[in-house]
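Structure file model_39.txt (compact mmCIF, C-alpha atoms) follows.
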# COMPACT_ATOMS: atom_id res chain seq x y z
CA MET B 1 0.00 0.00 0.00
CA ASN B 2 1.40 3.35 -1.07
CA ILE B 3 0.47 6.31 1.17
CA ARG B 4 1.42 9.79 0.06
CA PHE B 5 0.41 13.38 0.76
CA GLN B 6 -0.32 16.15 -1.70
CA SER B 7 -0.11 19.75 -0.53
CA ILE B 8 -3.26 21.77 -1.25
CA ASP B 9 -4.35 25.38 -0.73
CA LEU B 10 -6.96 26.46 1.79
CA PRO B 11 -9.67 27.38 -0.77
CA GLU B 12 -9.59 23.79 -2.04
CA ILE B 13 -9.88 22.20 1.41
CA LYS B 14 -12.32 24.73 2.89
CA PRO B 15 -15.57 23.09 1.67
CA ALA B 16 -14.40 19.72 3.02
CA LEU B 17 -13.43 21.28 6.37
CA THR B 18 -16.82 22.95 6.68
CA ALA B 19 -18.64 19.73 5.81
CA HIS B 20 -16.54 17.80 8.34
CA LEU B 21 -17.13 20.29 11.17
CA LEU B 22 -20.88 20.17 10.60
CA THR B 23 -20.83 16.42 11.31
CA LEU B 24 -19.34 16.89 14.80
CA ALA B 25 -21.49 16.81 17.93
CA SER B 26 -20.20 20.18 19.16
CA PRO B 27 -18.89 23.34 17.49
CA ILE B 28 -15.30 24.54 17.76
CA ASP B 29 -14.32 28.09 18.72
CA SER B 30 -12.28 30.71 16.84
CA PHE B 31 -9.02 29.74 18.59
CA PHE B 32 -9.01 26.25 17.11
CA GLU B 33 -10.58 27.47 13.89
CA ASP B 34 -7.63 29.86 13.41
CA HIS B 35 -5.23 26.95 13.89
CA LEU B 36 -7.11 25.07 11.17
CA LEU B 37 -7.21 28.01 8.77
CA GLN B 38 -3.53 28.85 9.21
CA ALA B 39 -2.36 25.25 8.83
CA HIS B 40 -0.59 23.56 5.90
CA HIS B 41 -3.19 21.26 4.36
CA TYR B 42 -2.66 17.93 2.61
CA ARG B 43 -4.78 15.59 0.56
CA ILE B 44 -4.18 11.96 1.59
CA LEU B 45 -3.70 9.50 -1.26
CA VAL B 46 -3.62 5.70 -0.88
CA ASP B 47 -2.57 3.88 -4.04
CA GLU B 48 -3.46 7.14 -5.83
CA ALA B 49 -7.04 7.10 -4.49
CA ASP B 50 -8.13 10.32 -2.75
CA VAL B 51 -9.04 9.08 0.74
CA GLY B 52 -8.98 12.07 3.11
CA TRP B 53 -7.30 15.16 4.53
CA THR B 54 -4.83 16.24 7.17
CA ALA B 55 -3.27 19.51 8.30
CA LEU B 56 -0.28 20.76 10.28
CA HIS B 57 -0.01 24.14 11.97
CA ASN B 58 3.42 25.74 12.25
CA GLN B 59 5.00 22.51 10.90
CA ARG B 60 4.65 20.58 14.17
CA LEU B 61 1.00 20.62 15.30
CA ILE B 62 -1.51 18.25 13.67
CA THR B 63 -4.88 20.01 13.60
CA HIS B 64 -6.95 17.81 11.31
CA PHE B 65 -7.17 14.17 10.27
CA SER B 66 -10.09 12.56 8.50
CA LEU B 67 -10.62 9.71 6.09
CA ALA B 68 -13.60 8.95 3.88
CA ALA B 69 -15.80 6.17 5.31
CA PRO B 70 -14.64 3.40 2.92
CA TYR B 71 -11.02 3.97 4.03
CA ARG B 72 -11.33 4.43 7.78
CA HIS B 73 -10.09 0.91 8.44
CA LEU B 74 -6.70 2.23 7.27
CA GLY B 75 -6.70 4.95 9.94
CA GLN B 76 -3.83 3.73 12.11
CA ARG B 77 -1.51 3.04 9.19
CA VAL B 78 -2.25 6.41 7.60
CA PHE B 79 -1.98 8.40 10.84
CA ALA B 80 1.44 6.83 11.50
CA GLN B 81 2.56 8.44 8.24
CA VAL B 82 0.89 11.76 9.10
CA ARG B 83 3.12 11.88 12.18
CA LYS B 84 6.15 11.80 9.87
CA LEU B 85 5.04 14.90 7.96
CA GLU B 86 7.10 18.08 8.37
CA GLN B 87 8.17 18.21 12.05
CA ALA B 88 4.99 16.80 13.60
CA ARG B 89 5.35 16.47 17.36
CA GLU B 90 1.90 17.31 18.73
CA ALA B 91 -1.80 17.39 17.89
CA TYR B 92 -4.68 19.65 18.86
CA VAL B 93 -7.76 17.43 19.00
CA PRO B 94 -11.33 18.40 19.98
CA THR B 95 -13.00 15.58 21.87
CA CYS B 96 -16.06 15.86 19.62
CA ASP B 97 -13.98 14.57 16.68
CA GLU B 98 -14.04 10.87 17.59
CA PHE B 99 -12.08 9.54 14.61
CA PHE B 100 -9.24 12.05 14.96
CA LEU B 101 -9.21 11.64 18.75
CA ALA B 102 -9.01 7.84 18.63
CA HIS B 103 -5.97 7.89 16.37
CA ALA B 104 -4.26 10.76 18.18
CA LEU B 105 -4.45 8.78 21.44
CA ASP B 106 -3.05 5.52 20.09
CA ASP B 107 0.60 6.22 20.81
CA TYR B 108 0.89 9.44 22.80
CA ARG B 109 3.62 10.49 25.21
CA LEU B 110 1.80 13.33 27.01
CA LEU B 111 -1.86 14.37 27.18
CA GLU B 112 -2.78 17.90 28.28
CA LYS B 113 -6.15 19.60 28.67
CA GLN B 114 -6.01 22.75 26.58
CA ALA B 115 -9.46 24.39 26.47
CA TYR B 116 -13.22 24.17 26.92
CA PHE B 117 -15.59 24.76 24.00
CA PHE B 118 -18.97 26.21 25.05
CA GLN B 119 -22.37 26.46 23.45
CA VAL B 120 -25.71 27.92 24.54
CA ARG B 121 -27.67 25.96 27.14
CA PRO B 122 -31.32 25.92 25.99
CA GLY B 123 -33.70 27.51 28.46
CA ALA B 124 -30.93 28.75 30.76
CA GLN B 125 -31.88 31.50 33.19
CA ARG B 126 -29.37 34.34 33.49
CA PRO B 127 -28.83 36.38 36.65
CA PRO B 128 -29.99 40.02 36.52
CA ALA B 129 -27.43 42.38 35.01
CA PRO B 130 -25.85 44.98 37.31
CA SER B 131 -27.94 48.13 37.43
CA GLY B 132 -27.04 50.91 35.04
CA LEU B 133 -25.06 48.68 32.68
CA THR B 134 -25.36 49.49 28.98
CA HIS B 135 -23.79 47.98 25.88
CA ARG B 136 -22.85 49.51 22.55
CA ARG B 137 -20.63 48.78 19.58
CA ALA B 138 -17.11 50.20 19.88
CA CYS B 139 -15.84 52.96 17.60
CA ASN B 140 -12.38 54.32 16.78
CA ASP B 141 -12.60 56.84 19.63
CA ASP B 142 -12.68 53.93 22.11
CA ILE B 143 -9.40 52.36 21.03
CA ALA B 144 -6.98 54.49 23.04
CA GLN B 145 -8.87 54.03 26.32
CA MET B 146 -9.41 50.36 25.57
CA THR B 147 -5.65 49.88 25.21
CA VAL B 148 -5.05 51.56 28.56
CA LEU B 149 -7.71 49.52 30.38
CA ILE B 150 -7.13 46.03 28.93
CA GLY B 151 -3.79 46.22 27.10
CA ASP B 152 -3.52 43.92 24.09
CA PHE B 153 -6.29 41.51 25.11
CA PHE B 154 -7.76 41.86 21.60
CA ASP B 155 -5.36 41.34 18.69
CA ARG B 156 -5.77 43.51 15.56
CA VAL B 157 -7.99 45.81 17.60
CA GLU B 158 -8.24 48.56 14.96
CA TRP B 159 -9.42 46.05 12.36
CA ARG B 160 -11.84 44.40 14.81
CA VAL B 161 -13.39 47.75 15.72
CA ALA B 162 -13.71 48.73 12.06
CA ASP B 163 -15.31 45.33 11.35
CA GLY B 164 -17.89 45.86 14.11
CA GLN B 165 -16.70 42.98 16.28
CA ILE B 166 -15.99 44.84 19.54
CA TYR B 167 -18.62 45.98 22.06
CA VAL B 168 -18.26 48.26 25.08
CA ALA B 169 -20.06 47.73 28.38
CA GLU B 170 -20.50 50.99 30.28
CA ARG B 171 -21.79 52.22 33.60
CA ASP B 172 -22.25 55.97 34.08
CA SER B 173 -20.54 56.46 30.71
CA ASN B 174 -17.38 54.70 31.96
CA PRO B 175 -16.17 51.47 30.31
CA VAL B 176 -16.35 48.50 32.67
CA GLY B 177 -15.71 45.74 30.15
CA TYR B 178 -15.51 44.75 26.51
CA GLY B 179 -16.98 41.96 24.42
CA ALA B 180 -16.35 40.55 20.97
CA ILE B 181 -18.33 38.68 18.32
CA GLU B 182 -16.13 37.06 15.69
CA ARG B 183 -18.00 35.44 12.83
CA SER B 184 -16.79 32.00 11.85
CA THR B 185 -15.04 31.44 8.55
CA LEU B 186 -15.91 27.74 8.44
CA TYR B 187 -19.41 27.55 9.93
CA PRO B 188 -22.14 29.09 7.77
CA ALA B 189 -23.93 31.02 10.56
CA ALA B 190 -21.91 30.93 13.76
CA ALA B 191 -19.70 33.27 15.77
CA SER B 192 -17.29 33.00 18.67
CA ILE B 193 -17.92 35.36 21.56
CA GLY B 194 -15.62 36.50 24.34
CA MET B 195 -15.26 39.22 26.91
CA ILE B 196 -12.97 40.90 29.41
CA THR B 197 -13.95 42.92 32.48
CA VAL B 198 -11.91 45.95 33.48
CA GLU B 199 -10.00 44.92 36.60
CA ALA B 200 -11.63 47.45 38.95
CA HIS B 201 -15.10 46.13 38.06
CA ARG B 202 -14.58 42.38 38.44
CA ASN B 203 -16.62 40.11 40.72
CA GLN B 204 -19.71 42.30 40.22
CA GLY B 205 -21.54 40.28 37.55
CA VAL B 206 -20.27 42.44 34.70
CA GLY B 207 -18.65 39.57 32.78
CA ALA B 208 -21.77 37.39 32.75
CA ALA B 209 -23.84 40.41 31.70
CA ILE B 210 -21.51 41.09 28.78
CA ILE B 211 -21.75 37.45 27.65
CA GLY B 212 -25.53 37.68 27.96
CA ALA B 213 -25.60 40.81 25.80
CA LEU B 214 -23.39 39.11 23.21
CA LEU B 215 -25.70 36.09 23.17
CA ASP B 216 -28.67 38.40 22.57
CA GLU B 217 -26.82 40.15 19.75
CA CYS B 218 -25.95 36.81 18.14
CA ALA B 219 -29.61 35.83 18.34
CA ARG B 220 -30.60 39.10 16.65
CA GLN B 221 -28.11 38.36 13.86
CA GLN B 222 -29.32 34.73 13.66
CA LEU B 223 -25.87 33.44 14.58
CA THR B 224 -25.10 30.35 16.65
CA ALA B 225 -22.95 31.54 19.55
CA ILE B 226 -19.78 29.61 20.44
CA ALA B 227 -17.25 30.36 23.17
CA GLY B 228 -14.01 28.92 24.42
CA CYS B 229 -11.62 29.41 27.29
CA TRP B 230 -8.31 28.01 28.45
CA TYR B 231 -8.91 24.89 30.52
CA TYR B 232 -7.39 26.38 33.67
CA ASN B 233 -9.09 29.78 33.45
CA HIS B 234 -11.66 28.92 36.10
CA PHE B 235 -13.08 32.43 36.31
CA SER B 236 -13.87 32.54 32.58
CA LYS B 237 -15.47 29.10 32.79
CA GLN B 238 -17.66 30.20 35.71
CA THR B 239 -18.64 33.39 33.88
CA LEU B 240 -19.70 31.53 30.74
CA GLU B 241 -21.70 29.02 32.77
CA LYS B 242 -23.35 31.79 34.77
CA ALA B 243 -24.37 33.47 31.51
CA GLY B 244 -26.13 30.30 30.32
CA MET B 245 -23.52 28.39 28.36
CA TYR B 246 -22.20 24.86 28.87
CA SER B 247 -19.35 22.72 27.61
CA GLN B 248 -19.46 19.10 26.54
CA THR B 249 -16.26 19.32 24.47
CA ARG B 250 -12.60 19.79 25.41
CA LEU B 251 -9.63 20.64 23.26
CA LEU B 252 -6.73 18.31 24.04
CA LYS B 253 -3.05 18.74 23.30
CA VAL B 254 -1.45 15.39 22.52
CA SER B 255 2.36 15.12 22.39
CA TYR B 256 4.45 12.32 20.87
Entire entry expressed as structure tokens:
Amino acid sequence: MNIRFQSIDLPEIKPALTAHLLTLASPIDSFFEDHLLQAHHYRILVDEADVGWTALHNQRLITHFSLAAPYRHLGQRVFAQVRKLEQAREAYVPTCDEFFLAHALDDYRLLEKQAYFFQVRPGAQRPPAPSGLTHRRACNDDIAQMTVLIGDFFDRVEWRVADGQIYVAERDSNPVGYGAIERSTLYPAAASIGMITVEAHRNQGVGAAIIGALLDECARQQLTAIAGCWYYNHFSKQTLEKAGMYSQTRLLKVSY
């Protein structure tokens, strides 16, 4: 059996990636999506038959592995060759991707919990928002103060503001936190949401209120809201849960 890999460009793999993600039990957030989009993608060929896809981010991190149903019995043999591509040493694997996960775990050296992926909990009741809290879309005039209050929490902040992704939470006309809605490139109608509370206003329910406002805005735009946080960021996890989201999926980092 001859296994080989053919490098392909993102536009060619994008429809297959989207179709694959839509088969998973849970959505992925923008962090992992960026690792997929910025990866080097390969078509997998077995005896010249097109059997599936794989991808490596930054030469060493496997971020995707899938085979068409008639060829899945070859999974272990093919994945062993994937691990020889470029400088592969690790894999990012969402637990909702059973096929990828099963093969990533076959011969690992180290397993680390990387992140939670969250989605909306149907019928969840949110706590009342702090009194006097308002939300609006950020504008260019907000950028300087935003940088002072939260540093570089948001990357490409000028572009994100111009694109309408950033929101400001205010009390008495003073910013107390910021939120973001980043539309997915791979899902047809989904967006990742996130927030940060200004340090002086934490532990007052502001974070959960910002997430709640972002969820409402996603609903208005008919977007499925997704969120993620680092596995050990317990405060972010509690905030997302308080706002009515839940996680049934983890992102794992597998090292070889």
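By only C-alpha atoms, and with residues fewer than 6 positions from Leu149 of chain B along its chain excluded, the set lying at most 10 Å from it is Ile143, Pro175, Val176, Gly177, Tyr178, Thr197, Val198, Glu199 and Ala200 of chain B.
Among the candidates B:Tyr256, B:Phe79, B:Phe32, B:Tyr116, the residue lying nearest to His234 of chain B is B:Tyr116 (atoms considered: all atoms listed in the file).
The spacing separating atom CA of Arg43 of chain B from atom CA of Gln6 of chain B amounts to 5.0 Å.
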### Message
I'd like to know which of B:Leu37, B:Val120, B:Leu110, B:Leu105 is closest to Pro11 of chain B, using all atoms listed in the file.
### Response
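Smallest separation from Pro11 of chain B among the options: B:Leu37.
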### Message
If we count all atoms listed in the file and set the cut-off at 8 Å, which residues sit around Ile210 of chain B, ignoring sequence neighbours fewer than 4 positions away in its own chain? Please answer as a list in words.
### Response
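Counting all atoms listed in the file, the residues come to His135, Ala169, Gly177, Tyr178, Gly179, Met195, Val206 and Leu214 of chain B.
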#### Entry: Distance in Å - atom CA of Pro70 of chain B versus atom CA of Leu24 of chain B
18.6 Å
### Query
Leaving out segment 248-251 of chain B and any residue of its chain fewer than 3 positions from it, which residues lie within 10 Å of it when counting all atoms listed in the file, given as a ChimeraX atom specification?
/B:25-29,32,92-97,112-119,228-231,254
### Query
So, counting only C-alpha atoms, which residue among B:Leu133, B:Leu56, B:Ile226, B:Cys218 is closest to Tyr187 of chain B?
B:Ile226
### Query
With distances taken over only C-alpha atoms, which of B:His201, B:Lys242, B:Arg171, B:Lys84 is nearest to Ser131 of chain B?
B:Arg171
### Query
Of the candidates B:Tyr71, B:Tyr108, B:Phe235, B:Tyr167, which one gets nearest to Ala208 of chain B if we count all atoms listed in the file?
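Smallest separation from Ala208 of chain B among the options: B:Phe235.
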### Message
For a test of reading the model, state the distance in Å between atom CA of Ile193 of chain B and atom CA of Met245 of chain B, rounded to one decimal.
### Response
11.2 Å
### Task
Have a look at B:Gly132, B:Gly151, B:Arg160, B:Arg202 and name the one nearest to Asn174 of chain B; count all atoms listed in the file.
B:Gly132
### Task
Could you give me, as a ChimeraX atom specification, the residues within 9 Å of Pro130 of chain B, counting only C-alpha atoms and dropping anything in the same chain fewer than 6 positions from it?
/B:204-206,209
### Task
Find the residues near His57 of chain B: any atom within 7 Å, counting all atoms listed in the file, skip ones fewer than 2 places away on the same chain, and give them as an MDAnalysis selection string.
chainID B and resid 35 38:40 55 59:63
